[in-house]
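As provided, final.cif (mmCIF, C-alpha atoms and all ligand atoms) reads as follows.
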```
data_target
#
loop_
_atom_site.label_atom_id
_atom_site.label_comp_id
_atom_site.auth_asym_id
_atom_site.auth_seq_id
_atom_site.Cartn_x
_atom_site.Cartn_y
_atom_site.Cartn_z
CA MET V 109 0.00 0.00 0.00
CA ALA V 110 1.72 3.08 -1.29
CA LYS V 111 0.89 6.70 -0.80
CA LEU V 112 0.37 8.81 -3.88
CA THR V 113 2.24 11.97 -4.74
CA VAL V 114 -0.20 14.51 -6.19
CA GLU V 115 0.92 17.29 -8.52
CA ILE V 116 -1.49 20.11 -9.39
CA VAL V 117 -1.46 21.37 -12.98
CA PRO V 118 -3.55 24.53 -13.55
CA VAL V 119 -4.99 24.68 -17.08
CA LEU V 120 -7.47 26.85 -19.05
CA SER V 121 -8.90 29.67 -16.94
CA ASP V 122 -9.77 27.78 -13.76
CA ASN V 123 -9.40 23.99 -14.27
CA TYR V 124 -7.04 21.76 -12.34
CA VAL V 125 -5.57 18.58 -13.75
CA PHE V 126 -4.08 16.33 -11.06
CA LEU V 127 -1.14 14.04 -11.70
CA LEU V 128 -1.10 11.05 -9.34
CA HIS V 129 2.17 9.19 -9.00
CA GLU V 130 2.58 5.89 -7.20
CA PRO V 131 6.32 5.80 -6.45
CA ASN V 132 6.87 2.04 -6.06
CA SER V 133 5.54 1.03 -9.47
CA GLY V 134 5.95 4.36 -11.24
CA ALA V 135 2.28 4.25 -12.27
CA THR V 136 1.06 7.76 -13.02
CA ALA V 137 -2.45 9.02 -13.72
CA ALA V 138 -3.83 12.30 -15.00
CA VAL V 139 -7.24 13.15 -13.56
CA ASP V 140 -9.50 15.02 -16.01
CA PRO V 141 -6.91 16.22 -18.54
CA ALA V 142 -8.71 19.16 -20.15
CA VAL V 143 -5.83 19.77 -22.54
CA PRO V 144 -2.76 17.68 -23.42
CA GLY V 145 0.09 20.23 -23.63
CA PRO V 146 0.52 21.35 -20.00
CA VAL V 147 0.06 17.73 -18.86
CA ILE V 148 2.87 16.53 -21.12
CA GLU V 149 5.11 19.35 -19.88
CA ALA V 150 4.37 18.60 -16.22
CA LEU V 151 5.05 14.88 -16.76
CA ALA V 152 8.39 15.69 -18.42
CA ALA V 153 9.37 18.06 -15.61
CA LYS V 154 8.70 15.28 -13.07
CA GLY V 155 10.19 12.50 -15.17
CA TRP V 156 6.94 10.55 -14.90
CA ARG V 157 5.42 8.31 -17.61
CA LEU V 158 1.65 8.48 -17.99
CA SER V 159 -0.01 5.09 -17.47
CA HIS V 160 -3.64 6.16 -16.85
CA ILE V 161 -6.21 8.86 -17.38
CA PHE V 162 -9.04 9.02 -14.84
CA ASN V 163 -12.13 10.87 -16.01
CA THR V 164 -14.82 11.98 -13.56
CA HIS V 165 -17.31 12.94 -16.28
CA HIS V 166 -17.65 13.57 -19.98
CA HIS V 167 -17.44 17.38 -20.24
CA ALA V 168 -14.81 18.67 -22.67
CA ASP V 169 -12.96 20.64 -19.98
CA HIS V 170 -12.28 17.25 -18.33
CA THR V 171 -11.71 14.95 -21.31
CA GLY V 172 -10.31 17.28 -24.01
CA GLY V 173 -6.77 15.91 -23.65
CA ASN V 174 -7.73 12.21 -23.66
CA ARG V 175 -7.06 11.36 -27.30
CA GLU V 176 -3.76 13.11 -27.70
CA LEU V 177 -2.38 11.85 -24.38
CA GLN V 178 -3.50 8.34 -25.25
CA ARG V 179 -1.83 8.59 -28.66
CA ALA V 180 1.38 9.93 -27.13
CA THR V 181 1.64 7.45 -24.23
CA GLY V 182 -0.67 4.49 -24.89
CA CYS V 183 -2.21 5.08 -21.45
CA ALA V 184 -5.40 3.42 -20.22
CA VAL V 185 -8.47 5.67 -20.02
CA VAL V 186 -10.67 4.98 -17.00
CA GLY V 187 -14.25 6.27 -16.86
CA ALA V 188 -17.79 5.43 -15.85
CA ARG V 189 -19.40 2.48 -17.57
CA ARG V 190 -22.63 4.52 -17.66
CA ASP V 191 -20.85 7.22 -19.68
CA ALA V 192 -18.71 4.92 -21.84
CA ASP V 193 -20.18 6.33 -25.06
CA ARG V 194 -19.29 9.90 -24.05
CA ILE V 195 -15.73 9.45 -22.69
CA PRO V 196 -13.23 9.75 -25.58
CA GLY V 197 -10.91 6.74 -25.84
CA ILE V 198 -12.26 4.92 -22.76
CA THR V 199 -10.53 1.55 -22.23
CA VAL V 200 -11.49 0.69 -18.63
CA GLU V 201 -15.13 1.00 -17.56
CA VAL V 202 -15.71 1.26 -13.82
CA ARG V 203 -18.85 1.29 -11.74
CA ASN V 204 -20.10 2.28 -8.31
CA GLY V 205 -18.38 0.53 -5.40
CA GLU V 206 -15.65 -0.98 -7.55
CA THR V 207 -12.04 -0.87 -6.37
CA PHE V 208 -9.10 -0.80 -8.77
CA LEU V 209 -5.36 -0.24 -8.52
CA LEU V 210 -3.00 2.49 -9.67
CA GLY V 211 0.22 0.55 -9.12
CA SER V 212 -0.26 -0.56 -5.52
CA ALA V 213 -2.61 2.31 -4.58
CA ALA V 214 -6.24 1.26 -4.32
CA ALA V 215 -8.99 3.56 -5.58
CA ARG V 216 -12.64 3.21 -4.79
CA VAL V 217 -15.24 4.48 -7.28
CA PHE V 218 -18.46 6.26 -6.27
CA ASP V 219 -21.38 7.21 -8.48
CA VAL V 220 -22.06 10.86 -7.76
CA PRO V 221 -24.74 11.91 -10.28
CA GLY V 222 -26.14 15.44 -10.41
CA HIS V 223 -23.78 17.65 -12.44
CA THR V 224 -23.98 14.90 -15.08
CA ILE V 225 -25.77 11.56 -14.87
CA GLY V 226 -22.61 9.48 -15.25
CA HIS V 227 -20.39 11.51 -12.91
CA ILE V 228 -18.08 9.44 -10.69
CA ALA V 229 -15.53 10.21 -7.96
CA TYR V 230 -12.28 8.40 -7.13
CA TRP V 231 -11.28 7.92 -3.51
CA PHE V 232 -7.80 6.73 -2.45
CA PRO V 233 -8.30 5.93 1.26
CA ASP V 234 -4.62 5.21 2.02
CA SER V 235 -3.60 8.53 0.53
CA GLU V 236 -6.56 10.38 2.09
CA ALA V 237 -7.39 11.80 -1.33
CA LEU V 238 -10.69 12.31 -3.16
CA PHE V 239 -10.97 13.35 -6.81
CA CYS V 240 -14.52 14.57 -7.20
CA GLY V 241 -14.53 16.49 -10.50
CA ASP V 242 -17.43 18.95 -10.66
CA THR V 243 -19.59 17.38 -7.94
CA LEU V 244 -18.18 18.92 -4.75
CA PHE V 245 -16.22 22.17 -4.94
CA SER V 246 -14.62 23.97 -2.06
CA LEU V 247 -17.48 26.05 -0.58
CA GLY V 248 -19.77 24.99 -3.43
CA CYS V 249 -21.06 22.24 -5.68
CA GLY V 250 -21.52 21.66 -9.40
CA ARG V 251 -24.42 22.96 -11.42
CA LEU V 252 -27.20 20.51 -12.18
CA PHE V 253 -26.83 20.05 -15.93
CA GLU V 254 -28.28 16.55 -16.17
CA GLY V 255 -29.32 15.29 -12.76
CA THR V 256 -31.94 16.23 -10.17
CA PRO V 257 -31.44 18.07 -6.86
CA ASP V 258 -32.27 14.80 -5.11
CA GLN V 259 -29.46 12.96 -6.92
CA MET V 260 -26.98 15.74 -6.21
CA TRP V 261 -27.90 15.99 -2.53
CA ARG V 262 -27.40 12.25 -2.10
CA SER V 263 -24.08 12.42 -3.97
CA LEU V 264 -22.88 15.21 -1.69
CA VAL V 265 -23.92 13.30 1.44
CA THR V 266 -21.94 10.29 0.18
CA LEU V 267 -18.83 12.47 -0.09
CA ARG V 268 -19.54 14.27 3.19
CA ASP V 269 -19.47 10.91 4.97
CA LEU V 270 -15.87 10.17 3.96
CA PRO V 271 -13.20 10.48 6.70
CA ALA V 272 -12.67 14.05 7.92
CA ALA V 273 -8.99 14.15 6.94
CA THR V 274 -9.74 13.27 3.30
CA ARG V 275 -8.24 15.86 0.96
CA VAL V 276 -10.74 17.16 -1.57
CA PHE V 277 -9.21 17.64 -5.01
CA CYS V 278 -11.98 19.34 -6.98
CA ALA V 279 -11.55 20.21 -10.64
CA HIS V 280 -12.02 24.01 -10.59
CA GLU V 281 -10.66 27.02 -8.75
CA TYR V 282 -14.07 28.46 -7.89
CA THR V 283 -13.51 28.86 -4.15
CA GLN V 284 -13.39 32.63 -3.89
CA SER V 285 -16.60 33.20 -5.85
CA ASN V 286 -18.30 30.29 -4.05
CA GLY V 287 -17.21 31.98 -0.83
CA ARG V 288 -19.09 35.17 -1.67
CA PHE V 289 -22.31 33.15 -1.83
CA ALA V 290 -21.44 31.06 1.25
CA ARG V 291 -20.89 34.23 3.26
CA LEU V 292 -24.41 35.43 2.45
CA VAL V 293 -25.83 32.11 3.64
CA GLU V 294 -23.89 31.79 6.90
CA ARG V 295 -22.36 35.09 7.90
CA GLY V 296 -22.15 33.96 11.53
CA ASN V 297 -20.18 30.76 10.89
CA PRO V 298 -16.68 31.30 12.35
CA ALA V 299 -15.20 28.31 10.48
CA LEU V 300 -16.37 29.87 7.22
CA THR V 301 -14.91 33.26 8.12
CA ALA V 302 -11.53 31.63 8.84
CA ARG V 303 -11.64 29.67 5.57
CA LEU V 304 -12.49 32.81 3.58
CA ASP V 305 -9.48 34.61 5.09
CA GLU V 306 -7.28 31.66 4.19
CA VAL V 307 -8.69 31.56 0.64
CA ASP V 308 -8.10 35.28 0.11
CA ALA V 309 -4.51 34.95 1.31
CA LEU V 310 -3.85 31.99 -1.00
CA ARG V 311 -5.37 33.70 -4.03
CA ALA V 312 -3.52 36.94 -3.32
CA THR V 313 -0.29 35.04 -3.95
CA GLY V 314 -1.69 33.02 -6.85
CA GLN V 315 -1.82 29.72 -4.95
CA PRO V 316 -4.53 27.07 -5.32
CA THR V 317 -7.19 26.77 -2.61
CA VAL V 318 -7.36 23.10 -3.60
CA PRO V 319 -7.15 20.62 -1.98
CA SER V 320 -9.57 21.38 0.80
CA THR V 321 -10.58 18.68 3.29
CA ILE V 322 -13.85 16.94 4.07
CA ALA V 323 -13.63 18.38 7.61
CA SER V 324 -13.37 21.91 6.24
CA GLU V 325 -16.20 21.42 3.75
CA ARG V 326 -18.46 19.94 6.43
CA ALA V 327 -17.81 23.01 8.56
CA CYS V 328 -17.97 25.67 5.83
CA ASN V 329 -19.70 24.55 2.62
CA PRO V 330 -23.39 25.59 2.67
CA PHE V 331 -24.31 22.85 0.19
CA LEU V 332 -23.10 20.21 2.67
CA ARG V 333 -24.93 22.02 5.48
CA ALA V 334 -28.50 21.98 4.14
CA ASP V 335 -29.49 20.12 7.31
CA GLN V 336 -28.24 22.93 9.57
CA PRO V 337 -30.84 25.28 11.10
CA THR V 338 -28.79 28.36 10.12
CA VAL V 339 -28.82 27.34 6.46
CA ALA V 340 -32.54 26.55 6.45
CA ARG V 341 -33.23 29.97 7.94
CA ALA V 342 -31.01 31.66 5.35
CA VAL V 343 -33.28 30.41 2.55
CA GLY V 344 -36.45 31.37 4.40
CA MET V 345 -37.32 27.93 5.77
CA GLU V 346 -37.95 26.69 9.30
CA PRO V 347 -35.09 25.05 11.21
CA GLY V 348 -35.60 21.31 10.73
CA ALA V 349 -36.92 21.76 7.19
CA ASP V 350 -36.33 18.89 4.76
CA PRO V 351 -32.61 19.12 3.84
CA LEU V 352 -33.43 18.27 0.22
CA ALA V 353 -35.81 21.23 0.01
CA VAL V 354 -33.16 23.49 1.58
CA PHE V 355 -30.49 22.18 -0.79
CA THR V 356 -32.77 22.65 -3.81
CA GLU V 357 -33.46 26.26 -2.88
CA LEU V 358 -29.77 26.95 -2.16
CA ARG V 359 -28.75 25.56 -5.56
CA ARG V 360 -31.47 27.62 -7.27
CA ARG V 361 -30.30 30.81 -5.56
CA LYS V 362 -26.67 30.12 -6.43
CA ASP V 363 -27.65 29.66 -10.10
CA VAL V 364 -28.92 33.25 -10.21
CA PHE V 365 -26.37 34.73 -7.78
ZN ZN J 1 -18.34 19.58 -15.82
FE FE J 2 -15.71 21.34 -15.35
#
```

Would it be possible to restate this file's structure as structure tokens?
Amino acid sequence: MAKLTVEIVPVLSDNYVFLLHEPNSGATAAVDPAVPGPVIEALAAKGWRLSHIFNTHHHADHTGGNRELQRATGCAVVGARRDADRIPGITVEVRNGETFLLGSAAARVFDVPGHTIGHIAYWFPDSEALFCGDTLFSLGCGRLFEGTPDQMWRSLVTLRDLPAATRVFCAHEYTQSNGRFARLVERGNPALTARLDEVDALRATGQPTVPSTIASERACNPFLRADQPTVARAVGMEPGADPLAVFTELRRRKDVF
């Protein structure tokens, strides 16, 4: 059981590609390679050889580099069986609950529909690392392009239940703008205030706010806190209101924020 090294590669305006390297075997994966060029450069700088691509969902800003990277390296392309017809170059189809190996590092796959129907997340328990694409963001969550609020709420609860120390590697640097909405929802949440200060300091020096942790998101992310009385009140509902109704209203308000 080996721990992964994770390298963050910023691409496009606000996407992150993550390079996962398992040092014993040399196995190396790119999570959601939006574009090939910066990934190839980062691999060369590290001296790593790409063995896998992991896709969380089919959107072009997550799969745009698949074909060229596959051509250049012959790597395997891992994606959801449910989305096999929409993931370019897919060679390994995975499904909910399945475990597979990157070298000697075990990854567990979760279905997390909502942003898209076939969206999945990859969890490496021994490395305390979660790759959740556009499902859970720091201080936010993905837009509902294909799924229902009910699906998304259940997906978020699945991720919220992972161990507190789990590092959350989400696919976009949206934290600061998510934070402006979060602050409106829970102005009196001291954990959120501290996180916003930390985020501003990181962004002021051009550093990523990713990864966050499950503990931090539980404490600060309004979309994971739809069952908190403060959040229910913020959207005009009674404390104890159905968390799904609170989540649905929060997501609606964020869409027009
Ligand atoms: Zn997306
Ligand atoms: Fe995206």

Would you list the residues that come within 7 Å of ligand FE 2 (chain J)? Count only C-alpha atoms and all ligand atoms and give the answer as a PDB file with C-alpha atoms, keeping the file's coordinate frame.
```
ATOM      1  CA  ASN V 123      -9.400  23.990 -14.270  1.00  0.00           C
ATOM      2  CA  HIS V 167     -17.440  17.380 -20.240  1.00  0.00           C
ATOM      3  CA  ASP V 169     -12.960  20.640 -19.980  1.00  0.00           C
ATOM      4  CA  HIS V 170     -12.280  17.250 -18.330  1.00  0.00           C
ATOM      5  CA  GLY V 241     -14.530  16.490 -10.500  1.00  0.00           C
ATOM      6  CA  ASP V 242     -17.430  18.950 -10.660  1.00  0.00           C
ATOM      7  CA  ALA V 279     -11.550  20.210 -10.640  1.00  0.00           C
ATOM      8  CA  HIS V 280     -12.020  24.010 -10.590  1.00  0.00           C
TER       9      HIS V 280
END
```

How would you write, as a ChimeraX atom specification, the set of residues no farther than 12 Å from ligand ZN 1 (chain J) when counting only C-alpha atoms and all ligand atoms?
/V:123,140,142,163-172,221-228,240-245,249-254,278-280

Given all atoms listed in the file as the counted atoms, nearest of V:Ala309, V:Ala353, V:Leu358, V:Ile195 to Glu294 (chain V):
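Using all atoms listed in the file, Glu294 (chain V) sits closest to V:Leu358.
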
What's the 12 Å shell around Cys183 (chain V), counting only C-alpha atoms, without same-chain residues fewer than 4 positions away, as a list in words?
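That gives Ala135, Thr136, Ala137, Ala138, Arg157, Leu158, Ser159, His160, Ile161, Phe162, Gly173, Asn174, Arg175, Glu176, Leu177, Gln178, Arg179, Gly197, Ile198, Thr199 and Val200 of chain V.
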
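The interatomic distance for the pair CA of Leu209 (chain V) and CA of Gly182 (chain V) works out to 17.7 Å.
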
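Take the candidates V:Ala290, V:Leu128, V:Ala213, V:Ala192 and check each one against Glu325 (chain V) using only C-alpha atoms; the shortest distance goes to V:Ala290.
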
Mind pulling up the distance from CA of Cys328 (chain V) to CA of Gln284 (chain V)?
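Calculated distance between CA of Gln284 (chain V) and CA of Cys328 (chain V) is 12.8 Å.
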
Atom-to-atom span, CA of Val117 (chain V) and CA of Val276 (chain V), Å
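CA of Val276 (chain V) lies at a distance of 15.3 Å from CA of Val117 (chain V).
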
I need the residue nearest Ser320 (chain V) from this list: V:Ser235, V:Asn286, V:Thr274, V:Ser263. Use all atoms listed in the file for the distance.
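That would be V:Thr274, the residue with the smallest distance to Ser320 (chain V).
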
When you look at Trp156 (chain V) with a cut-off of 12 Å (counting all atoms listed in the file), what residues show up, excluding the ones that are within fewer than 6 positions of it in the same chain? I need them as JSON, numbers by chain.
{"V": [113, 114, 115, 127, 128, 129, 130, 131, 133, 134, 135, 136, 137, 138, 147, 148, 149, 150, 181]}

Long-range neighbours of Leu238 (chain V) as a tab-separated table (two decimals) with C-alpha atoms, in the frame of the given file, 8 Å cut-off, only C-alpha atoms, 2 positions minimum in chain:
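Just written: part.tsv:
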```tsv
chain	number	residue	atom	x	y	z
V	229	ALA	CA	-15.53	10.21	-7.96
V	230	TYR	CA	-12.28	8.40	-7.13
V	231	TRP	CA	-11.28	7.92	-3.51
V	232	PHE	CA	-7.80	6.73	-2.45
V	236	GLU	CA	-6.56	10.38	2.09
V	240	CYS	CA	-14.52	14.57	-7.20
V	274	THR	CA	-9.74	13.27	3.30
V	275	ARG	CA	-8.24	15.86	0.96
V	276	VAL	CA	-10.74	17.16	-1.57
V	277	PHE	CA	-9.21	17.64	-5.01
```

Please return the centre and edge lengths, in Å to one decimal, of a box with edges along x, y and z that contains all listed atoms of region 338-344 of chain V, widened by 5 Å on every side, as JSON.
```
{"center_x": -32.6, "center_y": 29.1, "center_z": 6.3, "size_x": 17.7, "size_y": 15.1, "size_z": 17.6}
```

Shell of 10 Å around region 334-350 of chain V, only C-alpha atoms, local chain residues under 3 positions omitted, as a PyMOL selection string:
chain V and resi 261+290+292-297+329-331+353-358+361

Can region 307-318 of chain V be brought up to all heavy atoms and written out as an mmCIF file, keeping the file's coordinate frame?
```cif
data_model
loop_
_atom_site.group_PDB
_atom_site.id
_atom_site.type_symbol
_atom_site.label_atom_id
_atom_site.label_comp_id
_atom_site.auth_asym_id
_atom_site.auth_seq_id
_atom_site.Cartn_x
_atom_site.Cartn_y
_atom_site.Cartn_z
ATOM 1 N N VAL V 307 -8.526 31.581 2.097
ATOM 2 C CA VAL V 307 -8.690 31.560 0.640
ATOM 3 C C VAL V 307 -8.193 32.871 0.025
ATOM 4 O O VAL V 307 -7.468 32.871 -0.973
ATOM 5 C CB VAL V 307 -10.179 31.304 0.284
ATOM 6 C CG1 VAL V 307 -10.472 31.629 -1.176
ATOM 7 C CG2 VAL V 307 -10.545 29.856 0.601
ATOM 8 N N ASP V 308 -8.552 33.988 0.639
ATOM 9 C CA ASP V 308 -8.100 35.280 0.110
ATOM 10 C C ASP V 308 -6.582 35.379 0.131
ATOM 11 O O ASP V 308 -5.971 35.872 -0.815
ATOM 12 C CB ASP V 308 -8.721 36.437 0.914
ATOM 13 C CG ASP V 308 -10.210 36.611 0.606
ATOM 14 O OD1 ASP V 308 -10.678 36.062 -0.416
ATOM 15 O OD2 ASP V 308 -10.908 37.286 1.387
ATOM 16 N N ALA V 309 -5.978 34.890 1.208
ATOM 17 C CA ALA V 309 -4.510 34.950 1.310
ATOM 18 C C ALA V 309 -3.862 34.072 0.247
ATOM 19 O O ALA V 309 -2.889 34.468 -0.399
ATOM 20 C CB ALA V 309 -4.075 34.515 2.714
ATOM 21 N N LEU V 310 -4.408 32.883 0.027
ATOM 22 C CA LEU V 310 -3.850 31.990 -1.000
ATOM 23 C C LEU V 310 -3.971 32.606 -2.377
ATOM 24 O O LEU V 310 -3.021 32.621 -3.159
ATOM 25 C CB LEU V 310 -4.579 30.631 -0.965
ATOM 26 C CG LEU V 310 -4.262 29.708 0.217
ATOM 27 C CD1 LEU V 310 -5.265 28.562 0.278
ATOM 28 C CD2 LEU V 310 -2.838 29.158 0.111
ATOM 29 N N ARG V 311 -5.140 33.153 -2.687
ATOM 30 C CA ARG V 311 -5.370 33.700 -4.030
ATOM 31 C C ARG V 311 -4.549 34.968 -4.252
ATOM 32 O O ARG V 311 -4.133 35.255 -5.384
ATOM 33 C CB ARG V 311 -6.862 33.976 -4.268
ATOM 34 C CG ARG V 311 -7.728 32.724 -4.289
ATOM 35 C CD ARG V 311 -7.154 31.618 -5.151
ATOM 36 N NE ARG V 311 -7.210 31.926 -6.575
ATOM 37 C CZ ARG V 311 -6.436 31.371 -7.503
ATOM 38 N NH1 ARG V 311 -5.532 30.480 -7.170
ATOM 39 N NH2 ARG V 311 -6.561 31.709 -8.767
ATOM 40 N N ALA V 312 -4.310 35.711 -3.183
ATOM 41 C CA ALA V 312 -3.520 36.940 -3.320
ATOM 42 C C ALA V 312 -2.104 36.626 -3.791
ATOM 43 O O ALA V 312 -1.452 37.454 -4.420
ATOM 44 C CB ALA V 312 -3.498 37.702 -1.996
ATOM 45 N N THR V 313 -1.624 35.429 -3.493
ATOM 46 C CA THR V 313 -0.290 35.040 -3.950
ATOM 47 C C THR V 313 -0.367 33.997 -5.062
ATOM 48 O O THR V 313 0.609 33.300 -5.337
ATOM 49 C CB THR V 313 0.552 34.493 -2.776
ATOM 50 O OG1 THR V 313 -0.179 33.436 -2.134
ATOM 51 C CG2 THR V 313 0.828 35.585 -1.751
ATOM 52 N N GLY V 314 -1.540 33.887 -5.692
ATOM 53 C CA GLY V 314 -1.690 33.020 -6.850
ATOM 54 C C GLY V 314 -1.648 31.532 -6.551
ATOM 55 O O GLY V 314 -1.407 30.720 -7.442
ATOM 56 N N GLN V 315 -1.882 31.151 -5.294
ATOM 57 C CA GLN V 315 -1.820 29.720 -4.950
ATOM 58 C C GLN V 315 -3.199 29.081 -5.014
ATOM 59 O O GLN V 315 -4.208 29.746 -4.781
ATOM 60 C CB GLN V 315 -1.261 29.563 -3.535
ATOM 61 C CG GLN V 315 0.180 30.002 -3.392
ATOM 62 C CD GLN V 315 0.630 29.900 -1.949
ATOM 63 O OE1 GLN V 315 0.897 28.814 -1.461
ATOM 64 N NE2 GLN V 315 0.682 31.029 -1.265
ATOM 65 N N PRO V 316 -3.249 27.771 -5.313
ATOM 66 C CA PRO V 316 -4.530 27.070 -5.320
ATOM 67 C C PRO V 316 -5.150 26.989 -3.924
ATOM 68 O O PRO V 316 -4.423 26.888 -2.939
ATOM 69 C CB PRO V 316 -4.198 25.657 -5.817
ATOM 70 C CG PRO V 316 -2.753 25.636 -6.149
ATOM 71 C CD PRO V 316 -2.121 26.882 -5.645
ATOM 72 N N THR V 317 -6.473 27.021 -3.876
ATOM 73 C CA THR V 317 -7.190 26.770 -2.610
ATOM 74 C C THR V 317 -7.543 25.289 -2.506
ATOM 75 O O THR V 317 -8.211 24.869 -1.570
ATOM 76 C CB THR V 317 -8.487 27.581 -2.561
ATOM 77 O OG1 THR V 317 -9.347 27.125 -3.610
ATOM 78 C CG2 THR V 317 -8.207 29.070 -2.736
ATOM 79 N N VAL V 318 -7.129 24.533 -3.494
ATOM 80 C CA VAL V 318 -7.360 23.100 -3.600
ATOM 81 C C VAL V 318 -6.034 22.389 -3.325
ATOM 82 O O VAL V 318 -4.995 22.852 -3.844
ATOM 83 C CB VAL V 318 -7.860 22.776 -5.032
ATOM 84 C CG1 VAL V 318 -8.013 21.276 -5.227
ATOM 85 C CG2 VAL V 318 -9.165 23.509 -5.326
#
```
